[in-house]
>>> print(open('data_24.csv').read())   # CSV, N, CA and C atoms
chain,number,residue,atom,x,y,z
A,1,MET,N,-27.1,9.7,-21.5
A,1,MET,CA,-26.4,9.6,-20.2
A,1,MET,C,-25.0,10.0,-20.3
A,2,SER,N,-24.5,10.9,-19.5
A,2,SER,CA,-23.1,11.2,-19.5
A,2,SER,C,-22.5,10.9,-18.2
A,3,ILE,N,-21.2,10.6,-18.3
A,3,ILE,CA,-20.4,10.3,-17.1
A,3,ILE,C,-19.3,11.3,-17.0
A,4,LYS,N,-19.2,11.8,-15.8
A,4,LYS,CA,-18.1,12.8,-15.5
A,4,LYS,C,-16.9,12.0,-14.8
A,5,VAL,N,-15.8,12.2,-15.4
A,5,VAL,CA,-14.6,11.6,-14.9
A,5,VAL,C,-13.6,12.6,-14.4
A,6,ASN,N,-13.2,12.5,-13.1
A,6,ASN,CA,-12.2,13.4,-12.5
A,6,ASN,C,-10.9,12.6,-12.4
A,7,ILE,N,-9.8,13.2,-12.9
A,7,ILE,CA,-8.5,12.5,-12.7
A,7,ILE,C,-7.7,13.3,-11.8
A,8,GLU,N,-7.2,12.7,-10.7
A,8,GLU,CA,-6.4,13.3,-9.7
A,8,GLU,C,-5.0,12.7,-9.8
A,9,PHE,N,-4.0,13.4,-9.6
A,9,PHE,CA,-2.6,12.9,-9.7
A,9,PHE,C,-1.8,12.7,-8.4
A,10,LEU,N,-2.3,13.3,-7.4
A,10,LEU,CA,-1.6,13.2,-6.1
A,10,LEU,C,-2.3,12.5,-5.0
A,11,ALA,N,-1.6,11.9,-4.1
A,11,ALA,CA,-2.3,11.2,-3.0
A,11,ALA,C,-3.2,12.0,-2.2
A,12,LYS,N,-2.9,13.3,-2.0
A,12,LYS,CA,-3.7,14.2,-1.2
A,12,LYS,C,-5.0,14.5,-1.9
A,13,ASP,N,-5.1,14.3,-3.2
A,13,ASP,CA,-6.3,14.6,-4.0
A,13,ASP,C,-7.4,13.5,-3.8
A,14,SER,N,-6.9,12.3,-3.4
A,14,SER,CA,-7.9,11.2,-3.2
A,14,SER,C,-8.9,11.5,-2.0
A,15,GLU,N,-8.4,12.3,-1.0
A,15,GLU,CA,-9.2,12.7,0.1
A,15,GLU,C,-10.3,13.6,-0.4
A,16,LYS,N,-10.0,14.5,-1.3
A,16,LYS,CA,-11.0,15.4,-1.9
A,16,LYS,C,-12.0,14.7,-2.7
A,17,ALA,N,-11.6,13.7,-3.4
A,17,ALA,CA,-12.5,12.8,-4.2
A,17,ALA,C,-13.4,12.1,-3.3
A,18,ALA,N,-12.9,11.6,-2.2
A,18,ALA,CA,-13.8,10.8,-1.2
A,18,ALA,C,-14.8,11.7,-0.7
A,19,LYS,N,-14.5,13.0,-0.3
A,19,LYS,CA,-15.4,13.9,0.2
A,19,LYS,C,-16.5,14.3,-0.8
A,20,ARG,N,-16.2,14.3,-2.1
A,20,ARG,CA,-17.2,14.5,-3.1
A,20,ARG,C,-18.1,13.3,-3.3
A,21,GLY,N,-17.7,12.2,-2.8
A,21,GLY,CA,-18.5,11.0,-3.0
A,21,GLY,C,-18.2,10.2,-4.3
A,22,ASP,N,-17.0,10.5,-4.9
A,22,ASP,CA,-16.6,9.9,-6.1
A,22,ASP,C,-16.3,8.4,-5.9
A,23,LEU,N,-16.5,7.6,-7.0
A,23,LEU,CA,-16.0,6.3,-7.0
A,23,LEU,C,-14.5,6.5,-7.3
A,24,ILE,N,-13.6,5.9,-6.4
A,24,ILE,CA,-12.2,6.1,-6.5
A,24,ILE,C,-11.5,4.8,-7.0
A,25,ILE,N,-10.6,5.0,-7.9
A,25,ILE,CA,-9.7,3.9,-8.4
A,25,ILE,C,-8.3,4.5,-8.3
A,26,ILE,N,-7.5,3.8,-7.5
A,26,ILE,CA,-6.1,4.2,-7.2
A,26,ILE,C,-5.2,3.4,-8.2
A,27,ILE,N,-4.4,4.1,-8.9
A,27,ILE,CA,-3.4,3.4,-9.8
A,27,ILE,C,-2.0,4.0,-9.5
A,28,ASP,N,-1.2,3.2,-8.9
A,28,ASP,CA,0.2,3.6,-8.6
A,28,ASP,C,1.0,2.6,-9.3
A,29,ALA,N,1.1,2.6,-10.6
A,29,ALA,CA,1.6,1.5,-11.4
A,29,ALA,C,3.1,1.2,-11.2
A,30,LEU,N,3.8,2.2,-10.7
A,30,LEU,CA,5.3,2.0,-10.7
A,30,LEU,C,5.7,1.1,-9.5
A,31,ARG,N,5.1,1.2,-8.3
A,31,ARG,CA,5.5,0.5,-7.2
A,31,ARG,C,4.4,-0.1,-6.3
A,32,CYS,N,3.7,0.8,-5.6
A,32,CYS,CA,2.8,0.3,-4.6
A,32,CYS,C,1.8,-0.7,-5.1
A,33,CYS,N,1.0,-0.4,-6.1
A,33,CYS,CA,0.0,-1.3,-6.6
A,33,CYS,C,0.6,-2.5,-7.3
A,34,SER,N,1.8,-2.4,-7.9
A,34,SER,CA,2.5,-3.5,-8.5
A,34,SER,C,2.9,-4.5,-7.4
A,35,SER,N,3.4,-3.9,-6.3
A,35,SER,CA,3.8,-4.8,-5.2
A,35,SER,C,2.6,-5.5,-4.6
A,36,ILE,N,1.5,-4.8,-4.4
A,36,ILE,CA,0.3,-5.4,-3.9
A,36,ILE,C,-0.2,-6.6,-4.8
A,37,VAL,N,-0.3,-6.3,-6.1
A,37,VAL,CA,-0.7,-7.4,-7.0
A,37,VAL,C,0.3,-8.6,-7.0
A,38,THR,N,1.6,-8.3,-7.0
A,38,THR,CA,2.6,-9.3,-7.0
A,38,THR,C,2.5,-10.2,-5.7
A,39,ALA,N,2.3,-9.5,-4.5
A,39,ALA,CA,2.2,-10.2,-3.3
A,39,ALA,C,1.0,-11.1,-3.2
A,40,LEU,N,-0.1,-10.6,-3.7
A,40,LEU,CA,-1.4,-11.4,-3.7
A,40,LEU,C,-1.2,-12.6,-4.7
A,41,ALA,N,-0.6,-12.3,-5.9
A,41,ALA,CA,-0.4,-13.4,-6.8
A,41,ALA,C,0.5,-14.5,-6.3
A,42,ASN,N,1.4,-14.1,-5.4
A,42,ASN,CA,2.4,-15.1,-4.8
A,42,ASN,C,1.9,-15.6,-3.5
A,43,GLY,N,0.6,-15.5,-3.2
A,43,GLY,CA,0.0,-16.2,-2.1
A,43,GLY,C,-0.1,-15.4,-0.8
A,44,ALA,N,0.2,-14.1,-0.8
A,44,ALA,CA,0.0,-13.3,0.5
A,44,ALA,C,-1.5,-13.5,0.9
A,45,GLU,N,-1.7,-13.6,2.2
A,45,GLU,CA,-3.1,-13.8,2.7
A,45,GLU,C,-3.8,-12.5,2.7
A,46,ALA,N,-3.1,-11.4,3.0
A,46,ALA,CA,-3.8,-10.0,2.9
A,46,ALA,C,-2.7,-9.0,2.9
A,47,ILE,N,-3.1,-7.8,2.4
A,47,ILE,CA,-2.3,-6.6,2.4
A,47,ILE,C,-3.1,-5.6,3.2
A,48,ILE,N,-2.5,-5.0,4.3
A,48,ILE,CA,-3.1,-4.0,5.0
A,48,ILE,C,-2.4,-2.7,4.7
A,49,PRO,N,-3.0,-1.8,4.0
A,49,PRO,CA,-2.3,-0.5,3.7
A,49,PRO,C,-2.4,0.4,4.9
A,50,VAL,N,-1.3,1.0,5.3
A,50,VAL,CA,-1.3,2.0,6.4
A,50,VAL,C,-0.6,3.3,5.9
A,51,LYS,N,-1.1,4.4,6.5
A,51,LYS,CA,-0.7,5.7,6.1
A,51,LYS,C,0.7,6.1,6.6
A,52,THR,N,1.0,5.8,7.9
A,52,THR,CA,2.3,6.3,8.5
A,52,THR,C,3.2,5.1,9.0
A,53,LEU,N,4.4,5.5,9.1
A,53,LEU,CA,5.4,4.5,9.7
A,53,LEU,C,5.0,4.2,11.1
A,54,ARG,N,4.6,5.2,11.9
A,54,ARG,CA,4.2,5.0,13.3
A,54,ARG,C,3.1,4.0,13.4
A,55,GLU,N,2.1,4.1,12.5
A,55,GLU,CA,1.0,3.2,12.5
A,55,GLU,C,1.4,1.8,12.2
A,56,ALA,N,2.3,1.7,11.2
A,56,ALA,CA,2.8,0.3,10.8
A,56,ALA,C,3.6,-0.3,12.0
A,57,TYR,N,4.5,0.4,12.6
A,57,TYR,CA,5.2,-0.1,13.8
A,57,TYR,C,4.2,-0.5,14.9
A,58,ARG,N,3.2,0.3,15.1
A,58,ARG,CA,2.3,0.1,16.2
A,58,ARG,C,1.5,-1.2,16.0
A,59,ILE,N,1.0,-1.4,14.7
A,59,ILE,CA,0.2,-2.6,14.4
A,59,ILE,C,1.1,-3.8,14.5
A,60,HIS,N,2.4,-3.7,14.0
A,60,HIS,CA,3.3,-4.8,14.0
A,60,HIS,C,3.7,-5.2,15.4
A,61,ALA,N,3.8,-4.2,16.3
A,61,ALA,CA,4.1,-4.6,17.7
A,61,ALA,C,3.0,-5.5,18.3
A,62,ARG,N,1.8,-5.3,17.9
A,62,ARG,CA,0.7,-6.2,18.4
A,62,ARG,C,0.5,-7.5,17.6
A,63,ASN,N,1.1,-7.5,16.4
A,63,ASN,CA,1.0,-8.6,15.5
A,63,ASN,C,2.4,-8.9,14.9
A,64,PRO,N,3.3,-9.4,15.6
A,64,PRO,CA,4.7,-9.6,15.1
A,64,PRO,C,4.9,-10.6,14.0
A,65,LYS,N,3.8,-11.4,13.7
A,65,LYS,CA,4.0,-12.3,12.6
A,65,LYS,C,3.7,-11.6,11.2
A,66,TYR,N,3.1,-10.4,11.3
A,66,TYR,CA,2.8,-9.6,10.1
A,66,TYR,C,4.2,-9.2,9.5
A,67,LEU,N,4.3,-9.1,8.2
A,67,LEU,CA,5.5,-8.6,7.6
A,67,LEU,C,5.3,-7.1,7.4
A,68,LEU,N,6.4,-6.3,7.7
A,68,LEU,CA,6.4,-4.9,7.5
A,68,LEU,C,7.0,-4.6,6.1
A,69,ALA,N,6.3,-3.8,5.3
A,69,ALA,CA,6.8,-3.6,4.0
A,69,ALA,C,6.5,-2.1,3.6
A,70,GLY,N,7.4,-1.6,2.7
A,70,GLY,CA,7.2,-0.3,2.2
A,70,GLY,C,8.4,0.5,2.0
A,71,GLU,N,8.2,1.8,1.9
A,71,GLU,CA,9.3,2.8,1.7
A,71,GLU,C,8.9,4.2,2.2
A,72,ARG,N,10.0,4.9,2.4
A,72,ARG,CA,9.8,6.4,2.6
A,72,ARG,C,10.9,7.0,1.7
A,73,GLY,N,10.6,7.8,0.8
A,73,GLY,CA,11.5,8.4,-0.1
A,73,GLY,C,12.3,7.4,-0.9
A,74,GLY,N,11.7,6.3,-1.2
A,74,GLY,CA,12.3,5.2,-2.0
A,74,GLY,C,13.2,4.3,-1.2
A,75,LEU,N,13.3,4.5,0.1
A,75,LEU,CA,14.2,3.6,0.9
A,75,LEU,C,13.4,2.8,1.9
A,76,LYS,N,13.8,1.5,2.1
A,76,LYS,CA,13.2,0.7,3.0
A,76,LYS,C,13.4,1.2,4.4
A,77,PRO,N,12.4,1.4,5.2
A,77,PRO,CA,12.6,1.9,6.6
A,77,PRO,C,13.2,0.9,7.5
A,78,ARG,N,13.9,1.4,8.5
A,78,ARG,CA,14.6,0.5,9.5
A,78,ARG,C,13.6,-0.5,10.1
A,79,GLY,N,14.1,-1.8,10.1
A,79,GLY,CA,13.3,-2.8,10.7
A,79,GLY,C,12.3,-3.5,9.8
A,80,PHE,N,12.1,-3.0,8.6
A,80,PHE,CA,11.1,-3.5,7.6
A,80,PHE,C,11.7,-4.8,7.0
A,81,ASP,N,10.7,-5.7,6.7
A,81,ASP,CA,11.1,-7.0,6.1
A,81,ASP,C,11.2,-6.9,4.6
A,82,LEU,N,10.4,-6.0,4.0
A,82,LEU,CA,10.4,-5.8,2.5
A,82,LEU,C,10.4,-4.3,2.2
A,83,GLY,N,11.0,-4.0,1.0
A,83,GLY,CA,10.9,-2.6,0.6
A,83,GLY,C,9.6,-2.5,-0.3
A,84,ASN,N,9.8,-1.7,-1.4
A,84,ASN,CA,8.6,-1.4,-2.2
A,84,ASN,C,8.8,-1.9,-3.6
A,85,SER,N,9.7,-2.8,-3.9
A,85,SER,CA,9.9,-3.4,-5.2
A,85,SER,C,9.1,-4.7,-5.3
A,86,PRO,N,8.3,-4.8,-6.4
A,86,PRO,CA,7.6,-6.1,-6.6
A,86,PRO,C,8.5,-7.3,-6.6
A,87,LEU,N,9.7,-7.1,-7.0
A,87,LEU,CA,10.7,-8.2,-7.1
A,87,LEU,C,10.9,-8.9,-5.7
A,88,GLU,N,10.7,-8.1,-4.6
A,88,GLU,CA,10.9,-8.6,-3.3
A,88,GLU,C,9.8,-9.5,-2.8
A,89,TYR,N,8.6,-9.4,-3.5
A,89,TYR,CA,7.4,-10.1,-3.0
A,89,TYR,C,7.3,-11.5,-3.6
A,90,THR,N,8.3,-12.3,-3.4
A,90,THR,CA,8.3,-13.7,-3.9
A,90,THR,C,7.4,-14.6,-3.1
A,91,SER,N,7.1,-15.7,-3.7
A,91,SER,CA,6.2,-16.7,-3.0
A,91,SER,C,6.9,-17.1,-1.7
A,92,GLU,N,8.2,-17.3,-1.7
A,92,GLU,CA,8.9,-17.8,-0.5
A,92,GLU,C,8.8,-16.8,0.6
A,93,ARG,N,8.8,-15.5,0.3
A,93,ARG,CA,8.7,-14.4,1.3
A,93,ARG,C,7.3,-14.2,1.8
A,94,VAL,N,6.3,-14.2,0.9
A,94,VAL,CA,5.0,-13.7,1.3
A,94,VAL,C,3.8,-14.7,1.3
A,95,HIS,N,4.1,-15.9,0.9
A,95,HIS,CA,3.0,-16.9,0.8
A,95,HIS,C,2.4,-17.1,2.2
A,96,GLY,N,1.1,-17.0,2.4
A,96,GLY,CA,0.4,-17.2,3.6
A,96,GLY,C,0.6,-16.1,4.7
A,97,LYS,N,1.2,-15.0,4.3
A,97,LYS,CA,1.5,-13.9,5.2
A,97,LYS,C,0.6,-12.7,5.1
A,98,ILE,N,0.4,-12.0,6.2
A,98,ILE,CA,-0.3,-10.7,6.2
A,98,ILE,C,0.8,-9.7,6.1
A,99,ILE,N,0.6,-8.7,5.2
A,99,ILE,CA,1.6,-7.7,5.0
A,99,ILE,C,1.1,-6.3,5.4
A,100,LEU,N,1.8,-5.6,6.2
A,100,LEU,CA,1.5,-4.2,6.5
A,100,LEU,C,2.3,-3.4,5.5
A,101,LEU,N,1.6,-2.6,4.7
A,101,LEU,CA,2.3,-1.9,3.6
A,101,LEU,C,2.1,-0.4,3.8
A,102,THR,N,3.2,0.4,3.8
A,102,THR,CA,3.1,1.8,3.9
A,102,THR,C,4.1,2.4,2.9
A,103,THR,N,3.7,3.3,2.1
A,103,THR,CA,4.5,4.0,1.1
A,103,THR,C,4.3,5.5,1.1
A,104,THR,N,5.2,6.2,0.5
A,104,THR,CA,5.2,7.6,0.5
A,104,THR,C,3.9,8.1,-0.2
A,105,SER,N,3.5,7.5,-1.3
A,105,SER,CA,2.4,8.0,-2.0
A,105,SER,C,1.2,7.0,-2.1
A,106,GLY,N,1.5,5.8,-2.6
A,106,GLY,CA,0.4,4.8,-2.9
A,106,GLY,C,-0.5,4.5,-1.7
A,107,THR,N,0.0,4.1,-0.6
A,107,THR,CA,-0.9,3.7,0.5
A,107,THR,C,-1.5,5.0,1.2
A,108,THR,N,-0.8,6.1,1.0
A,108,THR,CA,-1.4,7.4,1.5
A,108,THR,C,-2.7,7.6,0.7
A,109,ALA,N,-2.6,7.5,-0.6
A,109,ALA,CA,-3.8,7.7,-1.4
A,109,ALA,C,-4.9,6.6,-1.1
A,110,ILE,N,-4.5,5.4,-0.9
A,110,ILE,CA,-5.5,4.3,-0.6
A,110,ILE,C,-6.2,4.6,0.8
A,111,THR,N,-5.4,5.0,1.8
A,111,THR,CA,-6.0,5.2,3.1
A,111,THR,C,-6.8,6.5,3.2
A,112,ARG,N,-6.6,7.4,2.3
A,112,ARG,CA,-7.4,8.6,2.3
A,112,ARG,C,-8.7,8.5,1.6
A,113,SER,N,-8.8,7.4,0.8
A,113,SER,CA,-10.0,7.2,0.0
A,113,SER,C,-11.1,6.6,0.7
>>> encode(input="data_24.csv", output="structure tokens")
Amino acid sequence: MSIKVNIEFLAKDSEKAAKRGDLIIIIDALRCCSSIVTALANGAEAIIPVKTLREAYRIHARNPKYLLAGERGGLKPRGFDLGNSPLEYTSERVHGKIILLTTTSGTTAITRS
């Protein structure tokens, strides 16, 4: 029995993998996935990955108790509660919260998969 493994390096490639029917594992070890793991370890109720800032703002407008988190080009967007550093996802900030997370690369790959 042989197993074929495809390795893709860009967020846009996850969409191609999904169309092929591949089992997809997203690893964005520098920021996005580290922030997700840290938030969950510190008691966040849920992380909702979203592709665009517009979508994040729209969902937040309907659910103002959700935390807005993420980055664009490495910078925290206007009005966001958290950036994209795992150090920001402390228990005091995220415990019991639902977090809307949008990033330049990581959540783009997740939402395309």
>>> select_by_dssp(input="data_24.csv", residues="region 35-106 of chain A", states="strand (DSSP E)", output="ChimeraX atom specification")
/A:46-49,67-70,98-102
>>> write_last_selection(input="data_24.csv", atoms="N, CA and C atoms", output="short mmCIF file (atom, residue, chain, number, x, y, z; two decimals), keeping the file's coordinate frame")
data_model
loop_
_atom_site.label_atom_id
_atom_site.label_comp_id
_atom_site.auth_asym_id
_atom_site.auth_seq_id
_atom_site.Cartn_x
_atom_site.Cartn_y
_atom_site.Cartn_z
N ALA A 46 -3.10 -11.40 3.00
CA ALA A 46 -3.80 -10.00 2.90
C ALA A 46 -2.70 -9.00 2.90
N ILE A 47 -3.10 -7.80 2.40
CA ILE A 47 -2.30 -6.60 2.40
C ILE A 47 -3.10 -5.60 3.20
N ILE A 48 -2.50 -5.00 4.30
CA ILE A 48 -3.10 -4.00 5.00
C ILE A 48 -2.40 -2.70 4.70
N PRO A 49 -3.00 -1.80 4.00
CA PRO A 49 -2.30 -0.50 3.70
C PRO A 49 -2.40 0.40 4.90
N LEU A 67 4.30 -9.10 8.20
CA LEU A 67 5.50 -8.60 7.60
C LEU A 67 5.30 -7.10 7.40
N LEU A 68 6.40 -6.30 7.70
CA LEU A 68 6.40 -4.90 7.50
C LEU A 68 7.00 -4.60 6.10
N ALA A 69 6.30 -3.80 5.30
CA ALA A 69 6.80 -3.60 4.00
C ALA A 69 6.50 -2.10 3.60
N GLY A 70 7.40 -1.60 2.70
CA GLY A 70 7.20 -0.30 2.20
C GLY A 70 8.40 0.50 2.00
N ILE A 98 0.40 -12.00 6.20
CA ILE A 98 -0.30 -10.70 6.20
C ILE A 98 0.80 -9.70 6.10
N ILE A 99 0.60 -8.70 5.20
CA ILE A 99 1.60 -7.70 5.00
C ILE A 99 1.10 -6.30 5.40
N LEU A 100 1.80 -5.60 6.20
CA LEU A 100 1.50 -4.20 6.50
C LEU A 100 2.30 -3.40 5.50
N LEU A 101 1.60 -2.60 4.70
CA LEU A 101 2.30 -1.90 3.60
C LEU A 101 2.10 -0.40 3.80
N THR A 102 3.20 0.40 3.80
CA THR A 102 3.10 1.80 3.90
C THR A 102 4.10 2.40 2.90
#
>>> closest_residue(input="data_24.csv", among="A:Ile36, A:Ser113, A:Lys4, A:Tyr89", to="Ile24 (chain A)", atoms="all atoms listed in the file")
A:Ser113
>>> atom_distance(input="data_24.csv", atom1="atom C of Pro77 (chain A)", atom2="CA of Glu55 (chain A)")
13.4 Å
>>> residues_around(input="data_24.csv", residues="region 95-112 of chain A", least_positions_apart="2", cutoff="6 Å", atoms="only C-alpha atoms", output="compact mmCIF listing (two decimals) with N, CA and C atoms, in the frame of the given file")
# COMPACT_ATOMS: atom_id res chain seq x y z
N ALA A 11 -1.60 11.90 -4.10
CA ALA A 11 -2.30 11.20 -3.00
C ALA A 11 -3.20 12.00 -2.20
N SER A 14 -6.90 12.30 -3.40
CA SER A 14 -7.90 11.20 -3.20
C SER A 14 -8.90 11.50 -2.00
N GLU A 15 -8.40 12.30 -1.00
CA GLU A 15 -9.20 12.70 0.10
C GLU A 15 -10.30 13.60 -0.40
N ASP A 28 -1.20 3.20 -8.90
CA ASP A 28 0.20 3.60 -8.60
C ASP A 28 1.00 2.60 -9.30
N CYS A 32 3.70 0.80 -5.60
CA CYS A 32 2.80 0.30 -4.60
C CYS A 32 1.80 -0.70 -5.10
N ASN A 42 1.40 -14.10 -5.40
CA ASN A 42 2.40 -15.10 -4.80
C ASN A 42 1.90 -15.60 -3.50
N GLY A 43 0.60 -15.50 -3.20
CA GLY A 43 0.00 -16.20 -2.10
C GLY A 43 -0.10 -15.40 -0.80
N ALA A 44 0.20 -14.10 -0.80
CA ALA A 44 0.00 -13.30 0.50
C ALA A 44 -1.50 -13.50 0.90
N GLU A 45 -1.70 -13.60 2.20
CA GLU A 45 -3.10 -13.80 2.70
C GLU A 45 -3.80 -12.50 2.70
N ALA A 46 -3.10 -11.40 3.00
CA ALA A 46 -3.80 -10.00 2.90
C ALA A 46 -2.70 -9.00 2.90
N ILE A 47 -3.10 -7.80 2.40
CA ILE A 47 -2.30 -6.60 2.40
C ILE A 47 -3.10 -5.60 3.20
N ILE A 48 -2.50 -5.00 4.30
CA ILE A 48 -3.10 -4.00 5.00
C ILE A 48 -2.40 -2.70 4.70
N PRO A 49 -3.00 -1.80 4.00
CA PRO A 49 -2.30 -0.50 3.70
C PRO A 49 -2.40 0.40 4.90
N VAL A 50 -1.30 1.00 5.30
CA VAL A 50 -1.30 2.00 6.40
C VAL A 50 -0.60 3.30 5.90
N LYS A 51 -1.10 4.40 6.50
CA LYS A 51 -0.70 5.70 6.10
C LYS A 51 0.70 6.10 6.60
N TYR A 66 3.10 -10.40 11.30
CA TYR A 66 2.80 -9.60 10.10
C TYR A 66 4.20 -9.20 9.50
N LEU A 67 4.30 -9.10 8.20
CA LEU A 67 5.50 -8.60 7.60
C LEU A 67 5.30 -7.10 7.40
N LEU A 68 6.40 -6.30 7.70
CA LEU A 68 6.40 -4.90 7.50
C LEU A 68 7.00 -4.60 6.10
N ALA A 69 6.30 -3.80 5.30
CA ALA A 69 6.80 -3.60 4.00
C ALA A 69 6.50 -2.10 3.60
N GLY A 70 7.40 -1.60 2.70
CA GLY A 70 7.20 -0.30 2.20
C GLY A 70 8.40 0.50 2.00
N GLU A 71 8.20 1.80 1.90
CA GLU A 71 9.30 2.80 1.70
C GLU A 71 8.90 4.20 2.20
N ARG A 72 10.00 4.90 2.40
CA ARG A 72 9.80 6.40 2.60
C ARG A 72 10.90 7.00 1.70
N SER A 91 7.10 -15.70 -3.70
CA SER A 91 6.20 -16.70 -3.00
C SER A 91 6.90 -17.10 -1.70
>>> atom_distance(input="data_24.csv", atom1="atom N of Glu88 (chain A)", atom2="atom N of Thr38 (chain A)")
9.4 Å
>>> closest_residue(input="data_24.csv", among="A:Ile25, A:Arg62, A:Ile7, A:Ser34", to="Leu87 (chain A)", atoms="all atoms listed in the file")
A:Ser34
>>> atom_distance(input="data_24.csv", atom1="CA of Ala41 (chain A)", atom2="CA of Ala56 (chain A)")
22.5 Å
>>> closest_residue(input="data_24.csv", among="A:Arg31, A:Lys12, A:His60, A:Arg54", to="Asn84 (chain A)", atoms="all atoms listed in the file")
A:Arg31
>>> closest_residue(input="data_24.csv", among="A:Cys33, A:Ala39, A:Val94, A:Val5", to="Ala17 (chain A)", atoms="only C-alpha atoms")
A:Val5
>>> closest_residue(input="data_24.csv", among="A:Arg20, A:Arg93, A:Arg58, A:Arg78", to="Asn6 (chain A)", atoms="only C-alpha atoms")
A:Arg20
